[in-house]
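Structure data (mmCIF, C-alpha atoms) from model_1.cif:
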```cif
data_upload
loop_
_atom_site.label_atom_id
_atom_site.label_comp_id
_atom_site.auth_asym_id
_atom_site.auth_seq_id
_atom_site.Cartn_x
_atom_site.Cartn_y
_atom_site.Cartn_z
CA MET M 1 -10.47 329.75 62.79
CA ILE M 2 -14.19 329.29 63.44
CA LYS M 3 -13.34 329.66 67.10
CA THR M 4 -11.72 333.04 66.57
CA LEU M 5 -14.69 334.27 64.55
CA THR M 6 -17.06 333.05 67.27
CA HIS M 7 -15.02 334.83 69.92
CA LEU M 8 -15.16 338.03 67.86
CA ALA M 9 -18.92 337.77 67.34
CA LEU M 10 -19.69 337.04 71.01
CA LEU M 11 -17.30 339.66 72.34
CA PHE M 12 -18.46 342.52 70.16
CA SER M 13 -22.19 341.79 70.24
CA SER M 14 -22.14 341.80 74.03
CA LEU M 15 -20.08 344.99 74.02
CA SER M 16 -22.45 346.52 71.46
CA LEU M 17 -25.28 346.32 74.00
CA SER M 18 -23.08 347.74 76.76
CA ALA M 19 -21.71 350.76 74.92
CA PHE M 20 -23.71 353.36 76.86
CA GLY M 21 -22.17 356.63 75.75
CA GLY M 22 -20.53 355.24 72.60
CA GLY M 23 -17.84 352.75 71.67
CA LYS M 24 -15.15 354.38 73.79
CA VAL M 25 -16.71 353.16 77.04
CA VAL M 26 -16.18 349.51 76.11
CA LEU M 27 -12.55 350.08 75.11
CA PRO M 28 -11.24 348.60 78.41
CA SER M 29 -13.06 345.35 77.59
CA MET M 30 -11.73 345.30 74.04
CA HIS M 31 -8.24 345.75 75.45
CA GLU M 32 -8.71 343.05 78.06
CA ALA M 33 -9.98 340.59 75.43
CA ALA M 34 -7.63 341.42 72.55
CA VAL M 35 -4.42 341.71 74.58
CA GLY M 36 -5.08 339.75 77.77
CA GLU M 37 -7.60 337.00 77.14
CA PHE M 38 -7.05 335.99 73.52
CA HIS M 39 -3.53 337.34 72.84
CA TRP M 40 -4.54 338.69 69.44
CA MET M 41 -2.07 341.58 69.73
CA THR M 42 0.41 343.41 71.94
CA ASP M 43 -0.36 346.44 74.05
CA GLN M 44 1.51 348.66 71.61
CA GLN M 45 -0.41 347.29 68.62
CA PHE M 46 -3.71 347.84 70.41
CA VAL M 47 -2.93 351.47 71.13
CA ASP M 48 -1.61 352.00 67.59
CA LEU M 49 -4.78 350.53 66.08
CA PHE M 50 -6.92 352.63 68.39
CA SER M 51 -5.11 355.79 67.27
CA ILE M 52 -5.38 354.85 63.60
CA SER M 53 -9.13 354.39 64.01
CA MET M 54 -9.44 357.73 65.78
CA ALA M 55 -7.55 359.55 63.04
CA ALA M 56 -9.47 357.83 60.20
CA PRO M 57 -12.95 358.99 59.17
CA GLY M 58 -16.06 357.26 60.45
CA PRO M 59 -17.80 356.57 63.74
CA SER M 60 -15.44 356.24 66.69
CA MET M 61 -16.04 352.49 66.99
CA MET M 62 -14.14 351.54 63.83
CA VAL M 63 -11.34 350.20 66.03
CA VAL M 64 -13.41 346.99 66.23
CA SER M 65 -12.79 346.39 62.52
CA LEU M 66 -9.06 346.59 63.13
CA ILE M 67 -9.23 344.22 66.10
CA GLY M 68 -11.16 341.71 63.97
CA LEU M 69 -8.64 342.14 61.17
CA LYS M 70 -5.65 341.45 63.41
CA ALA M 71 -7.34 338.53 65.20
CA CYS M 72 -7.63 336.67 61.87
CA LEU M 73 -4.58 338.09 60.10
CA HIS M 74 -2.45 334.96 60.44
CA TYR M 75 -5.10 332.98 58.51
CA GLY M 76 -4.50 335.19 55.44
CA VAL M 77 -5.82 338.38 53.87
CA PHE M 78 -9.27 337.05 53.04
CA MET M 79 -9.83 335.75 56.56
CA ALA M 80 -8.56 339.04 57.99
CA ILE M 81 -11.21 340.91 56.01
CA LEU M 82 -13.83 338.41 57.14
CA GLY M 83 -12.71 338.88 60.74
CA ALA M 84 -12.96 342.66 60.37
CA PHE M 85 -16.40 342.28 58.84
CA ILE M 86 -17.73 339.95 61.56
CA ALA M 87 -16.37 342.21 64.30
CA THR M 88 -17.91 345.30 62.70
CA VAL M 89 -21.33 343.72 62.14
CA SER M 90 -21.35 342.34 65.70
CA MET M 91 -20.55 345.76 67.11
CA PHE M 92 -23.03 347.77 65.03
CA VAL M 93 -26.06 345.52 64.54
CA PRO M 94 -27.27 344.60 68.08
CA SER M 95 -27.37 348.20 69.32
CA SER M 96 -29.04 349.27 66.06
CA ILE M 97 -31.77 346.63 66.44
CA LEU M 98 -32.33 347.91 69.96
CA VAL M 99 -32.68 351.50 68.70
CA TYR M 100 -35.13 350.32 66.06
CA PHE M 101 -37.42 348.47 68.46
CA VAL M 102 -37.23 350.84 71.41
CA GLY M 103 -37.93 353.65 68.93
CA LYS M 104 -41.37 352.16 68.33
CA PHE M 105 -42.33 352.55 71.99
CA TRP M 106 -40.39 355.70 72.56
CA ASP M 107 -43.23 358.21 72.26
CA SER M 108 -45.14 356.68 75.15
CA TRP M 109 -42.01 356.63 77.25
CA GLU M 110 -40.43 359.94 76.45
CA GLU M 111 -42.14 361.89 79.22
CA SER M 112 -41.46 359.34 81.95
CA PRO M 113 -39.43 360.75 84.87
CA TRP M 114 -37.39 357.53 84.80
CA ARG M 115 -35.91 358.59 81.51
CA HIS M 116 -34.05 361.44 83.13
CA SER M 117 -33.05 359.19 86.05
CA ILE M 118 -31.51 356.58 83.80
CA GLN M 119 -29.75 359.22 81.72
CA GLN M 120 -28.22 360.75 84.84
CA ALA M 121 -27.36 357.29 86.21
CA ILE M 122 -25.48 356.30 83.07
CA MET M 123 -23.24 359.37 83.13
CA PRO M 124 -20.97 358.49 86.10
CA ILE M 125 -20.62 354.92 84.79
CA SER M 126 -19.52 356.06 81.34
CA THR M 127 -17.19 358.61 82.92
CA GLY M 128 -15.52 355.84 84.95
CA LEU M 129 -15.22 353.66 81.86
CA ILE M 130 -13.75 356.43 79.69
CA LEU M 131 -11.31 357.18 82.51
CA ALA M 132 -10.26 353.51 82.51
CA ALA M 133 -9.85 353.62 78.72
CA THR M 134 -7.73 356.76 78.97
CA VAL M 135 -5.43 355.12 81.52
CA ILE M 136 -4.95 352.12 79.20
CA ILE M 137 -4.07 354.38 76.27
CA ALA M 138 -1.85 356.62 78.41
CA LYS M 139 0.19 353.72 79.83
CA THR M 140 1.35 352.79 76.35
CA SER M 141 1.33 356.10 74.48
CA ILE M 142 2.87 358.42 77.08
CA HIS M 143 6.31 357.05 77.84
CA THR M 144 8.72 359.92 77.23
CA VAL M 145 8.79 363.62 78.09
CA PRO M 146 7.95 364.74 74.52
CA THR M 147 4.92 362.40 74.30
CA ALA M 148 3.76 363.57 77.73
CA ILE M 149 3.98 367.19 76.60
CA MET M 150 2.07 366.40 73.41
CA GLY M 151 -0.63 364.56 75.34
CA ILE M 152 -1.09 367.45 77.77
CA VAL M 153 -1.10 370.05 74.99
CA ALA M 154 -3.68 367.96 73.11
CA LEU M 155 -5.85 367.77 76.24
CA GLY M 156 -5.64 371.55 76.69
CA LEU M 157 -6.47 372.19 73.02
CA MET M 158 -9.51 369.92 73.19
CA LEU M 159 -10.80 371.50 76.38
CA PHE M 160 -10.17 375.16 75.63
CA THR M 161 -10.31 375.54 71.85
CA LYS M 162 -12.65 374.32 69.12
CA ILE M 163 -9.87 372.73 67.06
CA ASN M 164 -10.88 369.73 64.95
CA PRO M 165 -9.54 366.60 66.72
CA VAL M 166 -8.38 365.00 63.48
CA LEU M 167 -6.44 368.10 62.46
CA MET M 168 -4.88 368.07 65.92
CA MET M 169 -3.84 364.42 65.62
CA ALA M 170 -2.43 365.03 62.15
CA VAL M 171 -0.35 367.97 63.37
CA ALA M 172 0.86 365.90 66.33
CA GLY M 173 1.91 363.18 63.88
CA VAL M 174 3.89 365.64 61.77
CA ILE M 175 5.55 367.29 64.77
CA SER M 176 6.47 363.91 66.15
CA TRP M 177 7.83 362.78 62.78
CA ILE M 178 10.06 365.87 62.54
CA PHE M 179 11.40 365.76 66.10
CA LEU M 180 11.29 362.13 67.22
CA LYS M 181 12.45 360.34 64.11
CA MET G 1 -41.88 369.95 40.57
CA GLU G 2 -42.36 373.64 39.87
CA ASN G 3 -46.05 373.41 40.68
CA GLN G 4 -45.23 371.87 44.00
CA ALA G 5 -42.72 374.54 44.81
CA ALA G 6 -45.13 377.35 43.93
CA PRO G 7 -46.07 379.33 47.03
CA ASN G 8 -49.45 378.41 48.43
CA PRO G 9 -50.89 380.91 50.92
CA ASP G 10 -52.90 378.23 52.74
CA GLN G 11 -49.85 376.09 53.36
CA LYS G 12 -48.17 376.33 56.74
CA ALA G 13 -45.49 374.04 55.33
CA PRO G 14 -43.44 372.77 58.26
CA ARG G 15 -42.21 370.01 55.97
CA VAL G 16 -41.35 371.48 52.60
CA VAL G 17 -39.58 368.50 51.14
CA SER G 18 -40.98 365.07 50.32
CA PRO G 19 -39.20 362.04 51.86
CA PRO G 20 -35.90 361.24 50.17
CA THR G 21 -35.36 358.21 47.97
CA LEU G 22 -33.20 355.38 49.30
CA LEU G 23 -30.38 356.57 47.07
CA GLU G 24 -30.53 360.09 48.47
CA LEU G 25 -30.62 358.65 51.98
CA ALA G 26 -27.62 356.44 51.22
CA SER G 27 -25.59 359.27 49.73
CA LEU G 28 -26.21 361.61 52.65
CA PHE G 29 -25.19 358.98 55.20
CA ALA G 30 -22.20 357.93 53.13
CA PHE G 31 -21.19 361.60 53.23
CA ILE G 32 -21.71 361.74 56.99
CA GLY G 33 -19.65 358.56 57.42
CA MET G 34 -16.73 359.92 55.46
CA THR G 35 -16.74 363.37 56.98
CA SER G 36 -17.38 362.38 60.57
CA PHE G 37 -14.47 362.26 62.94
CA GLY G 38 -14.59 361.77 66.67
CA GLY G 39 -17.26 363.55 68.69
CA GLY G 40 -19.63 366.48 68.32
CA LEU G 41 -21.43 364.77 65.49
CA THR G 42 -25.02 365.05 66.56
CA ALA G 43 -25.07 368.80 65.93
CA TYR G 44 -23.55 368.14 62.51
CA ILE G 45 -26.21 365.56 61.57
CA ARG G 46 -28.97 367.84 62.80
CA ARG G 47 -27.68 370.66 60.61
CA LEU G 48 -27.59 368.38 57.57
CA VAL G 49 -30.88 366.52 58.02
CA VAL G 50 -33.05 369.20 59.65
CA SER G 51 -31.69 372.55 58.50
CA LYS G 52 -30.16 371.80 55.12
CA LYS G 53 -32.16 368.91 53.64
CA GLN G 54 -35.30 369.51 55.73
CA TRP G 55 -36.09 365.81 55.74
CA LEU G 56 -37.08 366.03 59.39
CA THR G 57 -38.36 368.80 61.64
CA ASP G 58 -36.77 369.42 65.02
CA GLU G 59 -39.88 367.91 66.63
CA GLU G 60 -39.08 364.67 64.81
CA PHE G 61 -35.32 364.79 65.21
CA LEU G 62 -34.95 365.65 68.90
CA PRO G 63 -36.88 362.65 70.31
CA GLY G 64 -34.61 360.44 68.21
CA LEU G 65 -31.57 362.14 69.68
CA GLY G 66 -32.96 361.57 73.19
CA LEU G 67 -33.50 357.92 72.33
CA VAL G 68 -30.02 357.22 71.01
CA GLN G 69 -28.34 359.10 73.83
CA LEU G 70 -30.06 356.77 76.29
CA LEU G 71 -29.40 353.51 74.44
CA PRO G 72 -26.02 351.81 73.94
CA GLY G 73 -24.03 352.41 70.76
CA ALA G 74 -22.50 355.49 69.18
CA ASN G 75 -24.97 358.35 68.74
CA VAL G 76 -24.30 358.68 65.01
CA VAL G 77 -24.99 355.00 64.46
CA GLY G 78 -28.25 355.12 66.41
CA LEU G 79 -29.28 358.31 64.61
CA SER G 80 -28.70 356.74 61.20
CA VAL G 81 -31.04 353.88 62.20
CA TYR G 82 -33.65 356.24 63.67
CA ILE G 83 -33.60 358.71 60.77
CA GLY G 84 -33.51 355.94 58.15
CA ASN G 85 -36.54 354.27 59.70
CA HIS G 86 -38.39 357.54 60.11
CA LEU G 87 -37.97 358.40 56.44
CA ARG G 88 -38.09 355.06 54.65
CA GLY G 89 -38.99 352.35 57.17
CA PRO G 90 -36.80 349.39 58.16
CA ILE G 91 -35.08 349.30 54.76
CA GLY G 92 -34.18 352.94 55.26
CA SER G 93 -32.47 352.05 58.54
CA ILE G 94 -30.39 349.34 56.91
CA VAL G 95 -29.47 351.57 53.97
CA ALA G 96 -28.47 354.53 56.14
CA LEU G 97 -26.38 352.42 58.54
CA THR G 98 -24.64 350.47 55.77
CA ALA G 99 -23.96 353.56 53.69
CA MET G 100 -22.45 355.31 56.66
CA ILE G 101 -19.94 352.65 57.68
CA ILE G 102 -18.93 351.06 54.40
CA ALA G 103 -16.33 353.63 53.30
CA PRO G 104 -14.78 354.02 56.79
CA PHE G 105 -14.67 350.22 57.02
CA ILE G 106 -12.72 349.89 53.77
CA MET G 107 -10.44 352.73 54.78
CA VAL G 108 -9.49 351.31 58.19
CA CYS G 109 -8.95 347.87 56.65
CA VAL G 110 -6.49 349.38 54.16
CA LEU G 111 -4.73 351.25 56.95
CA GLY G 112 -4.68 348.06 59.04
CA PHE G 113 -3.03 346.03 56.28
CA LEU G 114 -0.51 348.81 55.70
CA TYR G 115 0.29 348.85 59.39
CA PHE G 116 0.80 345.10 59.68
CA TYR G 117 2.38 344.35 56.29
CA ALA G 118 4.51 347.44 55.68
CA GLY G 119 5.60 347.07 59.28
CA LYS G 120 6.43 349.89 61.60
CA THR G 121 9.19 351.77 59.86
CA THR G 122 11.04 354.47 61.78
CA ASP G 123 8.90 357.06 60.01
CA ALA G 124 5.60 355.33 60.74
CA GLY G 125 6.66 354.74 64.34
CA ALA G 126 7.53 358.40 64.84
CA ILE G 127 4.27 359.61 63.31
CA LEU G 128 2.22 357.13 65.34
CA ALA G 129 3.96 358.17 68.56
CA GLY G 130 2.60 361.69 68.05
CA VAL G 131 -0.84 360.54 66.93
CA THR G 132 -1.27 358.19 69.91
CA ALA G 133 -0.15 360.88 72.34
CA ALA G 134 -2.69 363.29 70.85
CA ALA G 135 -5.38 360.59 70.83
CA CYS G 136 -4.66 360.06 74.52
CA GLY G 137 -5.15 363.77 75.19
CA LEU G 138 -8.41 363.61 73.23
CA MET G 139 -9.64 360.70 75.37
CA ALA G 140 -8.65 362.56 78.53
CA SER G 141 -10.69 365.56 77.39
CA MET G 142 -13.71 363.25 77.04
CA VAL G 143 -13.26 362.23 80.68
CA PHE G 144 -13.55 365.90 81.67
CA GLU G 145 -16.56 366.49 79.44
CA ALA G 146 -18.41 363.40 80.64
CA GLY G 147 -17.42 364.10 84.25
CA GLN G 148 -18.81 367.61 84.09
CA LYS G 149 -22.22 366.25 83.16
CA ALA G 150 -21.99 363.26 85.49
CA ILE G 151 -20.99 364.82 88.77
CA THR G 152 -24.01 366.27 90.55
CA GLY G 153 -22.91 365.19 94.02
CA ILE G 154 -20.39 363.21 96.02
CA PHE G 155 -22.16 359.93 95.25
CA ASP G 156 -21.46 360.37 91.52
CA ILE G 157 -17.75 360.61 92.30
CA PHE G 158 -18.09 357.37 94.24
CA LEU G 159 -19.84 355.74 91.24
CA ILE G 160 -17.06 356.89 88.89
CA ALA G 161 -14.41 355.51 91.25
CA LEU G 162 -16.29 352.23 91.72
CA THR G 163 -16.68 351.75 87.96
CA PHE G 164 -13.02 352.54 87.38
CA ALA G 165 -11.90 350.16 90.14
CA LEU G 166 -14.03 347.26 88.89
CA VAL G 167 -12.59 347.59 85.38
CA ARG G 168 -8.98 348.36 86.15
CA LEU G 169 -8.39 346.52 89.43
CA GLY G 170 -11.10 343.86 89.23
CA HIS G 171 -10.45 343.24 85.51
CA LEU G 172 -14.18 342.78 85.01
CA HIS G 173 -15.68 343.08 81.56
CA VAL G 174 -17.76 346.19 80.90
CA PRO G 175 -21.18 344.42 80.67
CA TYR G 176 -20.70 342.99 84.20
CA VAL G 177 -19.53 346.34 85.52
CA ILE G 178 -22.68 347.96 84.14
CA LEU G 179 -24.85 345.23 85.66
CA ILE G 180 -23.23 345.80 89.05
CA VAL G 181 -23.08 349.60 89.13
CA SER G 182 -26.23 350.63 87.25
CA PRO G 183 -28.80 349.44 89.85
CA LEU G 184 -26.95 351.53 92.42
CA ALA G 185 -26.75 354.51 90.09
CA ILE G 186 -30.37 354.30 88.99
CA TRP G 187 -31.52 353.92 92.61
CA TRP G 188 -29.58 357.03 93.56
CA HIS G 189 -30.89 359.06 90.64
CA ARG G 190 -34.44 357.65 90.87
CA PRO G 191 -37.29 360.11 90.36
CA ARG G 192 -37.93 361.63 93.77
CA THR G 193 -41.49 361.97 94.97
CA VAL G 194 -42.61 365.33 96.34
CA ASP G 195 -41.57 364.04 99.72
CA GLY G 196 -38.25 362.84 98.39
CA ALA G 197 -37.69 366.13 96.63
CA LYS G 198 -38.05 367.89 99.96
CA HIS G 199 -35.51 365.55 101.47
CA GLN G 200 -33.12 366.21 98.69
CA GLU G 201 -33.56 369.95 99.10
CA LYS G 202 -32.70 369.64 102.76
CA GLU G 203 -29.62 367.62 101.94
CA GLU G 204 -28.53 370.22 99.45
CA HIS G 205 -28.98 373.02 101.94
CA GLN G 206 -26.63 371.43 104.41
#
```

Could you write out this file's structure as structure tokens?
Amino acid sequence: MIKTLTHLALLFSSLSLSAFGGGKVVLPSMHEAAVGEFHWMTDQQFVDLFSISMAAPGPSMMVVSLIGLKACLHYGVFMAILGAFIATVSMFVPSSILVYFVGKFWDSWEESPWRHSIQQAIMPISTGLILAATVIIAKTSIHTVPTAIMGIVALGLMLFTKINPVLMMAVAGVISWIFLK
Amino acid sequence: MENQAAPNPDQKAPRVVSPPTLLELASLFAFIGMTSFGGGLTAYIRRLVVSKKQWLTDEEFLPGLGLVQLLPGANVVGLSVYIGNHLRGPIGSIVALTAMIIAPFIMVCVLGFLYFYAGKTTDAGAILAGVTAAACGLMASMVFEAGQKAITGIFDIFLIALTFALVRLGHLHVPYVILIVSPLAIWWHRPRTVDGAKHQEKEEHQ
């Protein structure tokens, strides 16, 4: 019990400080820990929870709440909520403290040429990490011709139109419910 | 209030509005939390805080945006901390951050319990199959968007491939991957001196 909560706290606070470019870049690590290392859930459950968090309102990192919830679910409802809470706090607080303190020195640093260097250096790393996350999601979510078509159409819509992603996911859910049930 | 609002010819008035109370701060960020989905949020927050509420000027907002884009964590989360602190100090940061994530937190917990206790019925399974496929397409679009900004030369493609390989084939955790790849990436993108800039120009002309 305490062990699970400790694992959650350590995992997400270290990922919090690594999430350059947002929560999605640390998704491969969440997957590795939740499915591989600690066996909190199956591949399918991980991808389902990820999709639920994407379709629900809030910052994109809310999937951590769901991972915390599932990790402690077999200890009961109260513990599940506590797990979700610990995971969420661990994910949001360390990076926020960093923003707070770096913000104090920011003015003197803003003009430094290194700022642009670091920004440009982070980009390929986050791209590689998001690519890894996409492969993880794709391996579980795209397994039939209809889901492949929906995934590709969704990609095209996101790239070439200004459609709201949540609306798109909702429509995909309805279409899938009508045709795949 | 009316006296304050009365036009004063001497006033240049870049900041028309006095700082918000903690309650106003909390309600705005609660609103942002509940209406924010996925990406593209920074423009949305700027419109609310700078244009609509006029709590901050662009000169105050944009450095904060630069800051949170550079640091780890979601941009919205960092912005809530930065804006909260700017307006009401450390307490403002805590209030803005908490207000923003509390409703989404409750909502995903409810959805999580539904998912695990109601079980995956045929209906839920069918709906989720579509949602996950679309979510996958959404993630893939983020790869393209990030890649477009990232790739300035062949070395960036190498960095993307190296990062991907370390995570997927090496099964390394993301913090270690960042520790390994970032020195290389920062070295490559280091600020070039005048001399270096000339070198780079030559390389580009090849």

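Compared by their closest atoms to M:Phe12, and using all atoms listed in the file, the residues M:Met54, M:Met30, M:Met150, M:Leu155 rank with M:Met30 nearest.
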
For this session: Up to 6 Å from chain G, what residues of chain M turn up? Count all atoms listed in the file and give them as a VMD selection string.
Result: chain M and resid 17 to 20 22 to 23 29 51 57 to 58 60 95 to 96 113 117 to 119 121 123 to 125 127 to 128 130 to 132 134 137 to 138 141 147 151 154 to 155 169 172 to 173 176 to 177 180 to 181

For this session: Quote the spacing between atom CA of M:Ile142 and atom CA of M:Gln45 in Å to one decimal place.
Result: 14.4 Å

List the residues selected by the PyMOL selection byres ((chain M and resi 2-11) around 10) in the file shown, writing them as a PDB file with C-alpha atoms, in the coordinates of the input.
```pdb
ATOM      1  CA  MET M   1     -10.470 329.750  62.790  1.00  0.00           C
ATOM      2  CA  PHE M  12     -18.460 342.520  70.160  1.00  0.00           C
ATOM      3  CA  SER M  13     -22.190 341.790  70.240  1.00  0.00           C
ATOM      4  CA  SER M  14     -22.140 341.800  74.030  1.00  0.00           C
ATOM      5  CA  LEU M  15     -20.080 344.990  74.020  1.00  0.00           C
ATOM      6  CA  SER M  16     -22.450 346.520  71.460  1.00  0.00           C
ATOM      7  CA  SER M  29     -13.060 345.350  77.590  1.00  0.00           C
ATOM      8  CA  MET M  30     -11.730 345.300  74.040  1.00  0.00           C
ATOM      9  CA  ALA M  33      -9.980 340.590  75.430  1.00  0.00           C
ATOM     10  CA  ALA M  34      -7.630 341.420  72.550  1.00  0.00           C
ATOM     11  CA  PHE M  38      -7.050 335.990  73.520  1.00  0.00           C
ATOM     12  CA  TRP M  40      -4.540 338.690  69.440  1.00  0.00           C
ATOM     13  CA  VAL M  64     -13.410 346.990  66.230  1.00  0.00           C
ATOM     14  CA  ILE M  67      -9.230 344.220  66.100  1.00  0.00           C
ATOM     15  CA  GLY M  68     -11.160 341.710  63.970  1.00  0.00           C
ATOM     16  CA  ALA M  71      -7.340 338.530  65.200  1.00  0.00           C
ATOM     17  CA  CYS M  72      -7.630 336.670  61.870  1.00  0.00           C
ATOM     18  CA  MET M  79      -9.830 335.750  56.560  1.00  0.00           C
ATOM     19  CA  LEU M  82     -13.830 338.410  57.140  1.00  0.00           C
ATOM     20  CA  GLY M  83     -12.710 338.880  60.740  1.00  0.00           C
ATOM     21  CA  ALA M  84     -12.960 342.660  60.370  1.00  0.00           C
ATOM     22  CA  PHE M  85     -16.400 342.280  58.840  1.00  0.00           C
ATOM     23  CA  ILE M  86     -17.730 339.950  61.560  1.00  0.00           C
ATOM     24  CA  ALA M  87     -16.370 342.210  64.300  1.00  0.00           C
ATOM     25  CA  THR M  88     -17.910 345.300  62.700  1.00  0.00           C
ATOM     26  CA  VAL M  89     -21.330 343.720  62.140  1.00  0.00           C
ATOM     27  CA  SER M  90     -21.350 342.340  65.700  1.00  0.00           C
ATOM     28  CA  MET M  91     -20.550 345.760  67.110  1.00  0.00           C
TER      29      MET M  91
ATOM     30  CA  HIS G 173     -15.680 343.080  81.560  1.00  0.00           C
TER      31      HIS G 173
END
```

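Taking atom CA of M:Met168 as the reference point, atom CA of G:Ala26 is found at 29.5 Å.
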
Exercise. Quick one: residues within 8 Å of G:Leu25, only C-alpha atoms counted, chain neighbours fewer than 3 positions away excluded, as a ChimeraX atom specification?
Worked result: /G:20-22,28-29,84,92,95-96

What box, with edges along x, y and z, holds each listed atom of stretch 180-193 of chain G when 8 Å is added on every side, and can you state its centre and edge lengths in Å to one decimal, as AutoDock Vina command-line options?
```
--center_x -32.3 --center_y 353.9 --center_z 91.1 --size_x 34.4 --size_y 32.2 --size_z 23.7
```

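Nearest residue to G:Glu24 among G:Leu65, G:Thr57, G:Arg88, G:Thr42 is G:Arg88, counting all atoms listed in the file.
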
Exercise. Do you know which residues the PyMOL selection byres ((chain G and resi 58) around 12) returns on this file, as an MDAnalysis selection string?
Worked result: chainID G and resid 14:15 43 45:51 54:57 59:66 83

Exercise. Hey, can you check how far atom CA of M:Phe78 sits from atom CA of M:Ile97?
Worked result: 27.9 Å
